Every structure is written in C-alpha cells, then in structure tokens.
>>> print(open('my_file.cif').read())   # mmCIF, C-alpha atoms and all ligand atoms
data_entry
#
loop_
_atom_site.label_atom_id
_atom_site.label_comp_id
_atom_site.auth_asym_id
_atom_site.auth_seq_id
_atom_site.Cartn_x
_atom_site.Cartn_y
_atom_site.Cartn_z
CA MET A 1 85.60 88.86 112.93
CA LYS A 2 83.64 91.56 111.15
CA ILE A 3 85.70 94.71 111.58
CA ALA A 4 84.66 98.24 110.57
CA ILE A 5 87.45 100.78 110.32
CA ILE A 6 86.07 104.30 110.48
CA GLY A 7 88.61 106.58 108.77
CA GLY A 8 90.94 104.93 106.26
CA GLY A 9 93.89 107.31 106.65
CA ASN A 10 97.46 106.51 107.76
CA ILE A 11 96.37 104.35 110.69
CA GLY A 12 93.05 102.99 109.42
CA SER A 13 94.28 101.92 105.97
CA SER A 14 97.35 100.20 107.47
CA LEU A 15 95.12 98.26 109.84
CA ALA A 16 92.70 97.35 107.05
CA LEU A 17 95.51 96.05 104.81
CA ALA A 18 97.00 93.98 107.62
CA LEU A 19 93.68 92.50 108.75
CA ARG A 20 91.89 91.75 105.50
CA ASP A 21 93.40 88.28 104.98
CA LYS A 22 92.17 86.91 108.32
CA HIS A 23 89.04 88.99 108.89
CA GLU A 24 86.14 90.58 107.08
CA VAL A 25 86.98 94.28 106.90
CA LYS A 26 85.04 97.34 105.79
CA VAL A 27 86.79 100.69 105.76
CA THR A 28 85.27 104.17 105.44
CA SER A 29 86.50 107.54 104.29
CA LYS A 30 85.14 111.04 104.06
CA SER A 31 87.10 111.90 100.95
CA GLU A 32 86.17 110.28 97.64
CA LYS A 33 89.81 110.49 96.52
CA THR A 34 90.96 108.43 99.53
CA ALA A 35 88.05 106.03 99.00
CA SER A 36 89.16 105.27 95.43
CA LEU A 37 92.79 104.78 96.57
CA LEU A 38 91.53 102.31 99.19
CA ARG A 39 89.47 100.48 96.55
CA GLU A 40 92.52 100.31 94.28
CA LYS A 41 94.29 98.47 97.12
CA GLY A 42 91.47 95.92 97.09
CA LEU A 43 89.77 97.11 100.27
CA THR A 44 86.01 97.15 100.74
CA VAL A 45 84.91 100.74 101.22
CA SER A 46 81.47 101.54 102.55
CA SER A 47 79.50 104.24 104.33
CA ASN A 48 79.95 104.72 108.06
CA ARG A 49 76.40 103.60 108.81
CA ASN A 50 76.68 100.48 106.69
CA ALA A 51 80.06 99.52 108.17
CA ILE A 52 79.12 100.19 111.80
CA SER A 53 75.78 98.41 111.70
CA TRP A 54 77.39 95.36 110.02
CA ALA A 55 80.47 95.03 112.28
CA GLU A 56 81.17 93.34 115.61
CA VAL A 57 84.26 95.48 116.21
CA VAL A 58 84.36 99.16 115.23
CA ILE A 59 87.79 100.77 115.10
CA ILE A 60 87.54 104.56 115.11
CA SER A 61 90.56 106.07 113.40
CA VAL A 62 89.55 109.58 112.48
CA LYS A 63 91.24 112.67 113.91
CA PRO A 64 89.82 113.58 117.33
CA PHE A 65 88.20 116.77 115.98
CA GLN A 66 86.40 114.66 113.33
CA PHE A 67 84.83 112.40 115.98
CA PRO A 68 81.83 114.65 116.81
CA ASP A 69 80.53 114.17 113.25
CA ILE A 70 80.82 110.39 113.58
CA LEU A 71 78.86 110.55 116.84
CA ARG A 72 76.21 112.89 115.51
CA GLU A 73 75.50 110.70 112.50
CA ASN A 74 75.83 107.23 114.02
CA SER A 75 75.15 107.35 117.75
CA ASP A 76 72.16 104.98 117.43
CA LEU A 77 74.40 102.20 116.04
CA PHE A 78 77.07 101.72 118.71
CA ASN A 79 75.34 100.07 121.65
CA ASP A 80 76.01 96.41 120.78
CA LYS A 81 79.50 97.07 119.37
CA VAL A 82 83.03 96.60 120.60
CA ILE A 83 84.57 100.04 120.10
CA VAL A 84 88.31 100.54 119.69
CA SER A 85 89.62 104.10 119.41
CA THR A 86 93.06 105.02 118.12
CA MET A 87 92.29 108.72 118.62
CA ALA A 88 94.76 110.71 120.68
CA GLY A 89 93.57 111.98 124.02
CA LEU A 90 89.99 110.72 124.12
CA THR A 91 89.51 108.73 127.32
CA ARG A 92 87.62 105.47 127.70
CA LYS A 93 85.28 107.18 130.11
CA PHE A 94 84.43 109.79 127.47
CA LEU A 95 84.16 107.18 124.71
CA MET A 96 81.92 104.93 126.81
CA LYS A 97 79.63 107.84 127.66
CA SER A 98 79.50 109.23 124.13
CA THR A 99 79.09 105.95 122.21
CA GLY A 100 77.40 103.68 124.75
CA GLY A 101 79.49 100.84 123.22
CA LYS A 102 79.27 97.34 124.74
CA GLU A 103 83.03 97.22 125.35
CA VAL A 104 85.41 100.13 124.81
CA PHE A 105 89.16 99.89 124.25
CA ARG A 106 91.86 102.43 123.48
CA ALA A 107 94.81 101.70 121.24
CA MET A 108 97.71 104.07 120.64
CA PRO A 109 99.85 102.85 117.73
CA ASN A 110 102.52 104.82 115.91
CA LEU A 111 103.48 105.43 112.30
CA GLY A 112 105.47 102.18 112.32
CA ILE A 113 102.03 100.69 111.61
CA THR A 114 102.56 101.48 107.90
CA ILE A 115 105.38 98.90 107.83
CA ARG A 116 103.78 96.61 110.45
CA ARG A 117 106.26 97.79 113.07
CA SER A 118 103.95 99.75 115.30
CA LEU A 119 104.34 99.93 119.04
CA THR A 120 100.76 99.89 120.21
CA ALA A 121 99.60 100.53 123.75
CA LEU A 122 96.23 99.01 124.62
CA ALA A 123 93.85 99.78 127.47
CA GLY A 124 90.44 98.45 128.37
CA CYS A 125 88.83 95.27 129.55
CA GLY A 126 86.10 92.86 128.56
CA GLY A 127 85.55 89.62 126.71
CA HIS A 128 87.07 90.99 123.50
CA ALA A 129 90.45 92.00 124.97
CA LYS A 130 92.19 89.06 123.26
CA SER A 131 90.62 89.96 119.90
CA VAL A 132 91.78 93.57 120.26
CA GLU A 133 95.29 92.36 121.06
CA GLU A 134 95.20 90.08 118.03
CA ILE A 135 94.16 92.98 115.78
CA PHE A 136 97.09 95.17 116.81
CA SER A 137 99.57 92.27 116.93
CA ALA A 138 99.04 92.07 113.16
CA VAL A 139 100.78 95.46 112.83
CA GLY A 140 103.58 95.18 115.39
CA LYS A 141 104.19 94.89 119.13
CA THR A 142 101.43 95.41 121.70
CA PHE A 143 101.57 96.47 125.35
CA TRP A 144 98.64 96.54 127.77
CA ILE A 145 99.16 99.60 129.93
CA ASP A 146 97.24 101.47 132.59
CA GLU A 147 95.08 104.07 130.84
CA ARG A 148 96.59 106.71 133.15
CA SER A 149 99.85 106.24 131.19
CA PHE A 150 98.21 106.80 127.80
CA ASP A 151 99.04 110.51 127.54
CA ALA A 152 102.72 109.84 128.24
CA TRP A 153 102.73 106.92 125.80
CA THR A 154 101.04 109.05 123.13
CA ALA A 155 103.72 111.72 123.58
CA LEU A 156 106.69 109.36 123.47
CA ALA A 157 105.69 106.39 121.31
CA GLY A 158 102.85 107.94 119.27
CA SER A 159 104.44 111.29 118.43
CA GLY A 160 107.96 109.84 118.64
CA PRO A 161 108.48 109.10 114.93
CA GLY A 162 107.68 112.73 114.07
CA ILE A 163 110.07 114.01 116.73
CA VAL A 164 112.88 111.66 115.70
CA ALA A 165 112.36 112.65 112.03
CA GLU A 166 112.87 116.26 113.13
CA LEU A 167 116.12 115.27 114.88
CA VAL A 168 117.35 113.46 111.76
CA ASP A 169 116.56 116.54 109.69
CA SER A 170 118.65 118.67 112.08
CA LEU A 171 121.53 116.17 111.91
CA MET A 172 121.34 116.34 108.13
CA LEU A 173 121.43 120.16 108.16
CA GLY A 174 124.37 120.07 110.56
CA GLY A 175 126.25 117.91 108.07
CA VAL A 176 125.43 120.38 105.28
CA LYS A 177 126.56 123.32 107.43
CA SER A 178 129.84 121.48 107.99
CA GLY A 179 130.31 120.93 104.24
CA LEU A 180 128.62 117.63 103.25
CA PRO A 181 126.32 117.50 100.21
CA ALA A 182 122.67 117.27 101.34
CA SER A 183 121.92 113.78 100.00
CA LEU A 184 125.10 112.28 101.49
CA SER A 185 124.40 114.08 104.74
CA LEU A 186 120.86 112.65 104.92
CA THR A 187 122.15 109.14 104.19
CA ALA A 188 124.75 109.52 106.95
CA ALA A 189 122.17 110.87 109.43
CA ILE A 190 119.81 107.93 108.81
CA GLU A 191 122.61 105.35 108.97
CA VAL A 192 123.95 106.85 112.19
CA MET A 193 120.46 106.62 113.65
CA GLU A 194 120.14 102.96 112.62
CA THR A 195 123.58 101.98 113.92
CA THR A 196 122.98 103.76 117.21
CA VAL A 197 119.64 102.01 117.65
CA GLU A 198 121.34 98.62 117.14
CA LEU A 199 124.07 99.47 119.67
CA LEU A 200 121.51 100.68 122.21
CA LYS A 201 119.94 97.24 122.25
CA ASN A 202 122.99 96.11 124.25
CA GLU A 203 124.06 99.15 126.27
CA LYS A 204 122.68 102.16 128.09
CA PRO A 205 122.70 105.54 126.27
CA HIS A 206 125.22 107.15 128.66
CA THR A 207 127.66 104.20 128.32
CA LEU A 208 127.57 104.51 124.52
CA ARG A 209 128.05 108.28 124.75
CA ASP A 210 131.09 107.89 127.04
CA LYS A 211 132.68 105.37 124.65
CA VAL A 212 132.37 107.78 121.71
CA SER A 213 133.63 110.82 123.61
CA THR A 214 137.42 111.13 123.40
CA PRO A 215 138.70 113.57 126.06
CA GLY A 216 139.19 116.91 124.35
CA GLY A 217 137.77 115.44 121.11
CA THR A 218 134.99 116.20 118.68
CA THR A 219 132.08 114.39 120.35
CA ILE A 220 132.43 116.14 123.70
CA GLN A 221 132.67 119.44 121.80
CA ALA A 222 129.29 118.70 120.18
CA ILE A 223 127.77 117.48 123.46
CA SER A 224 128.93 120.57 125.34
CA VAL A 225 127.02 122.73 122.82
CA LEU A 226 123.88 120.60 123.33
CA GLU A 227 124.28 121.04 127.10
CA GLU A 228 124.88 124.80 126.85
CA ARG A 229 121.79 125.22 124.66
CA GLY A 230 119.62 123.03 126.90
CA VAL A 231 118.74 120.58 124.11
CA GLY A 232 118.28 117.61 126.48
CA GLY A 233 115.93 119.67 128.66
CA ALA A 234 114.08 120.93 125.59
CA ILE A 235 113.46 117.38 124.37
CA MET A 236 112.24 116.28 127.81
CA ARG A 237 109.96 119.29 127.87
CA ALA A 238 108.72 118.58 124.35
CA ILE A 239 107.57 115.09 125.35
CA TYR A 240 105.99 116.43 128.52
CA GLU A 241 104.12 119.18 126.63
CA ALA A 242 102.88 116.61 124.10
CA SER A 243 101.49 114.55 127.00
CA ILE A 244 99.74 117.64 128.38
CA ARG A 245 98.27 118.31 124.93
CA SER A 246 96.94 114.75 124.87
CA LYS A 247 95.09 115.45 128.15
CA GLU A 248 93.67 118.71 126.77
CA ILE A 249 92.21 117.10 123.63
CA SER A 250 89.59 115.14 125.54
CA ARG A 251 88.57 118.19 127.60
CA GLU A 252 88.21 120.32 124.44
CA LEU A 253 86.07 117.73 122.68
CA GLU A 254 83.84 117.11 125.66
CA CYS A 255 83.05 120.82 125.59
CA SER A 256 82.57 120.98 121.83
CA ILE A 257 80.12 118.09 121.67
CA SER A 258 76.93 119.99 122.20
CA GLU A 259 74.18 119.04 124.60
CA ASP A 260 71.88 118.19 121.68
CA THR A 261 74.16 115.51 120.17
CA PRO A 262 71.79 112.57 119.88
CA ARG A 263 72.62 109.63 122.15
CA LYS A 264 71.48 106.05 121.65
N1 LIG B 1 99.39 109.46 112.39
C1 LIG B 1 99.95 108.92 113.47
O1 LIG B 1 101.18 108.75 113.55
C2 LIG B 1 99.10 108.48 114.61
C3 LIG B 1 97.76 108.82 114.69
N2 LIG B 1 97.01 108.40 115.75
C4 LIG B 1 95.59 108.75 115.87
O2 LIG B 1 94.89 107.99 114.92
C5 LIG B 1 93.85 108.75 114.33
C6 LIG B 1 94.00 108.74 112.81
O3 LIG B 1 95.22 109.34 112.44
P1 LIG B 1 95.69 109.33 110.93
O4 LIG B 1 95.37 107.99 110.33
O5 LIG B 1 97.07 109.81 110.90
O6 LIG B 1 94.72 110.42 110.31
P2 LIG B 1 94.34 110.63 108.77
O7 LIG B 1 93.93 112.04 108.62
O8 LIG B 1 95.40 110.07 107.90
O9 LIG B 1 93.06 109.66 108.62
C7 LIG B 1 91.79 110.02 109.06
C8 LIG B 1 90.83 109.53 107.99
O10 LIG B 1 89.52 109.68 108.49
C9 LIG B 1 88.71 110.07 107.39
N3 LIG B 1 87.51 110.73 107.93
C10 LIG B 1 87.41 111.95 108.49
N4 LIG B 1 86.13 112.20 108.85
C11 LIG B 1 85.43 111.10 108.50
C12 LIG B 1 84.06 110.74 108.59
N5 LIG B 1 83.13 111.56 109.10
N6 LIG B 1 83.70 109.54 108.12
C13 LIG B 1 84.60 108.68 107.59
N7 LIG B 1 85.92 108.96 107.47
C14 LIG B 1 86.30 110.16 107.92
C15 LIG B 1 89.56 111.01 106.57
O11 LIG B 1 89.06 111.09 105.25
C16 LIG B 1 90.91 110.31 106.66
O12 LIG B 1 91.07 109.40 105.60
C17 LIG B 1 93.93 110.15 114.93
O13 LIG B 1 92.90 110.29 115.88
C18 LIG B 1 95.29 110.20 115.60
O14 LIG B 1 95.22 110.90 116.82
C19 LIG B 1 97.52 107.60 116.72
C20 LIG B 1 98.82 107.23 116.68
C21 LIG B 1 99.73 107.66 115.66
O1 LIG B 2 99.90 114.17 116.61
C1 LIG B 2 98.95 113.53 117.05
O2 LIG B 2 98.06 114.11 117.72
C2 LIG B 2 98.84 112.05 116.80
C3 LIG B 2 98.87 111.24 118.07
C4 LIG B 2 100.18 110.53 118.09
C5 LIG B 2 100.74 110.79 116.77
N1 LIG B 2 99.98 111.58 116.07
#
>>> encode(input="my_file.cif", output="structure tokens")
Amino acid sequence: MKIAIIGGGNIGSSLALALRDKHEVKVTSKSEKTASLLREKGLTVSSNRNAISWAEVVIISVKPFQFPDILRENSDLFNDKVIVSTMAGLTRKFLMKSTGGKEVFRAMPNLGITIRRSLTALAGCGGHAKSVEEIFSAVGKTFWIDERSFDAWTALAGSGPGIVAELVDSLMLGGVKSGLPASLSLTAAIEVMETTVELLKNEKPHTLRDKVSTPGGTTIQAISVLEERGVGGAIMRAIYEASIRSKEISRELECSISEDTPRK
C-alpha cells in the first residue's frame, strides 16, 4: 500500500518505522528539525500535498488543534483517499464531513506504539478495514470497538501511560520520603509495577491486594491512607474527566474551523 503519514511525531514516526518494510511510506512534518531526524532514520519525508495526492491511505497524526491547517491547505486532495485519524476526540462524522474522504477510520493507539506494544482501538467500516487493522497490528494489539466507546478508550488506554507514569513517580517519591535513595526508589517502583502487572494476569486486583495485606500490617496502613484521601475516587474521576475532555475536543474544533475553510 501507499501510505502517507501526516505528522511524523511520537505516533506518526513509530507507525512509519514499523510500516516501511512492507509498504511504501511517506511521512510529513512541519518542523525542519523533525524532518531531518526522520530522514536520518531512513524515512521518506515529503510535503503534505505531495504525500496526500500520492497515497491510497492517509494517516493523520497531528495534534487535533493542528488539523485545521491540514484541512485548509489540502481539502481538495482527500476525496478518493482512505483516511485514518489517530487524533484524540475528532469523530468520524466530523472527519467525514471535513475531509470528504472515501472511507474514514479512527484509531486510538497509545505510547506503547514506540516499542510496538500499542493497544489500538479501531472504529469505522468499509473495504479497507482489513488494511487498517493490518497497519496497526504492526505496532501492537488491535481492538475494533464501537465509536461511542472511543472517548472512554482514549482516557484509559490512550492517556493511561501518562497517568501510570505519574503514579510511578509518586511511588518513587514515597520511597524517598521514607528514606530510600532516589535512583533505588525509582528502580523499586518500576519493578513493583512490572511484578504486579505479571501477577494481575492471573488474579483480580482485589484478590492480590487481600493477599498482600497482613491484618494490622504495613499494606493495610498504606491502603487506609489512600481510602481516607479518596485516591481511588480521584483516579476514577481523572479517567472520567479525560473522557469528557475527549468529547469536548471535537466540539471545540468544529467551532474553530471557520465557515470559509475550503471544501473539496
Ligand atoms: N502521544 C500519545 O501518547 C498519543 C497521541 N495520540 C494522538 O495522536 C496525534 C499525534 O500525537 P503525537 O504523535 O504525540 O504528537 P506530536 O506532537 O509528537 O506529533 C505531531 C507531529 O505533527 C507535525 N505537524 C504539525 N502540524 C503539521 C502540518 N501542518 N503538517 C505536517 N506536520 C505537522 C509536528 O511537526 C509533529 O511532528 C494527536 O492527535 C494525539 O491526540 C493518540 C494516542 C496516544
Ligand atoms: O493527551 C492527549 O490528548 C492524547 C490522546 C491520548 C494520549 N495523548
């Protein structure tokens, strides 16, 4: 397949590197510095117009607020293309209306894509669904989900690595506060995370927690503080608020794309 990747950042460059052996790939970038880094990795970098007009499949991987520029400058080129968006929030309905693409899919990967361990939700339909699945299977696991679940998926699986990194940082600081040197504390926090993940493949979180918690011991002391401070509720709320933010992004962009944006 001829694949154009618009925006060679974290997501776009990882896709380009994973796909280039089996497909023809052109990647684009706004920044010259990023463009030369992409070239150094052996990728073919071109202009947006060149890449879009050449490709069968156009993967749009810029930040949502950068999308209006892409539309303004290229809206005449999308009508015979299969469009795949990795952008948070933007709905298929909005993408279909704004690009006029032949087939429109959404994909929501996560940062695991940089080590080919993404969890990618896919939504959309059409003759190219298998090709879209093949593209994202090259960078990890794929799940076709109802588009109505995309905001929740974006919050949990998409933002998840950032949220878990924040938790690991807090664990590390807790170790330091209790007297561990910072580097040892960070190593312990990461290892604990890894071990726990392995254990959770075979048992439910509450079963694991109950096994660790000796009556009157240290673990229940820690857990009682988390309960008192509402940490579980705060994390649930954080995911929920992220999903609400995902819904807002599309509404904001629909408003910001002015009436005079050229359409095909
Ligand atoms: N970073 C993450 O963990 C995830 C990001 N996403 C979504 O994927 C999209 C990309 O995210 P990242 O790769 O992290 O962003 P990024 O900022 O690393 O990459 C965006 C790239 O687009 C380029 N760009 C901006 N305007 C352009 C234009 N007019 N023409 C050509 N290139 C242009 C920038 O130079 C940059 O290299 C976002 O919409 C985000 O919502 C989805 C899942 C996870
Ligand atoms: O923070 C964001 O908006 C994007 C979507 C999921 C991960 N990063």
>>> atom_distance(input="my_file.cif", atom1="CA of Leu119 in chain A", atom2="atom C19 of ligand LIG 1 (chain B)")
10.5 Å
>>> residues_near_ligand(input="my_file.cif", ligand="ligand LIG 1 (chain B)", cutoff="6 Å", atoms="all atoms listed in the file", output="number ranges by chain")
A: 6-12, 28-31, 61-64, 66, 69-70, 86-88, 108-111, 158
>>> atom_distance(input="my_file.cif", atom1="CA of Glu147 in chain A", atom2="CA of Lys247 in chain A")
11.7 Å
>>> atom_distance(input="my_file.cif", atom1="CA of Glu24 in chain A", atom2="CA of Thr114 in chain A")
19.7 Å
>>> residues_around(input="my_file.cif", residues="Thr99 in chain A", least_positions_apart="4", cutoff="10 Å", atoms="all atoms listed in the file", output="list in words")
Ile70, Leu71, Asn74, Ser75, Asp76, Leu77, Phe78, Asn79, Lys81, Ile83, Phe94, Leu95, Val104, Arg263 and Lys264 of chain A
>>> closest_residue(input="my_file.cif", among="A:Lys97, A:His128, A:Lys2, A:Lys141", to="Ile52 in chain A", atoms="all atoms listed in the file")
A:Lys2
>>> closest_residue(input="my_file.cif", among="A:Glu252, A:Glu32, A:Asp151, A:Asp21", to="ligand LIG 2 (chain B)", atoms="all atoms listed in the file")
A:Asp151
>>> closest_residue(input="my_file.cif", among="A:Ala189, A:Val212, A:Leu156, A:Ala222", to="ligand LIG 2 (chain B)", atoms="all atoms listed in the file")
A:Leu156
>>> axis_aligned_box(input="my_file.cif", around="range 103-121 of chain A", padding_each_side="3 Å", output="lines of an AutoDock Vina configuration file")
center_x = 94.6
center_y = 101.0
center_z = 116.6
size_x = 29.2
size_y = 14.8
size_z = 23.5
>>> closest_residue(input="my_file.cif", among="A:Thr154, A:Thr218, A:Ser213, A:Asn48", to="ligand LIG 2 (chain B)", atoms="only C-alpha atoms and all ligand atoms")
A:Thr154
>>> closest_residue(input="my_file.cif", among="A:Ser13, A:Ser85, A:Gln221, A:Ser185", to="ligand LIG 2 (chain B)", atoms="only C-alpha atoms and all ligand atoms")
A:Ser85
>>> closest_residue(input="my_file.cif", among="A:Leu253, A:Ala242, A:Val58, A:Leu226", to="ligand LIG 2 (chain B)", atoms="all atoms listed in the file")
A:Ala242
>>> residues_around(input="my_file.cif", residues="Lys41 in chain A", least_positions_apart="3", cutoff="12 Å", atoms="only C-alpha atoms", output="list in words")
Gly8, Ser13, Ser14, Ala16, Leu17, Ala18, Arg20, Val27, Thr34, Ala35, Ser36, Leu37, Leu38, Thr44 and Val45 of chain A
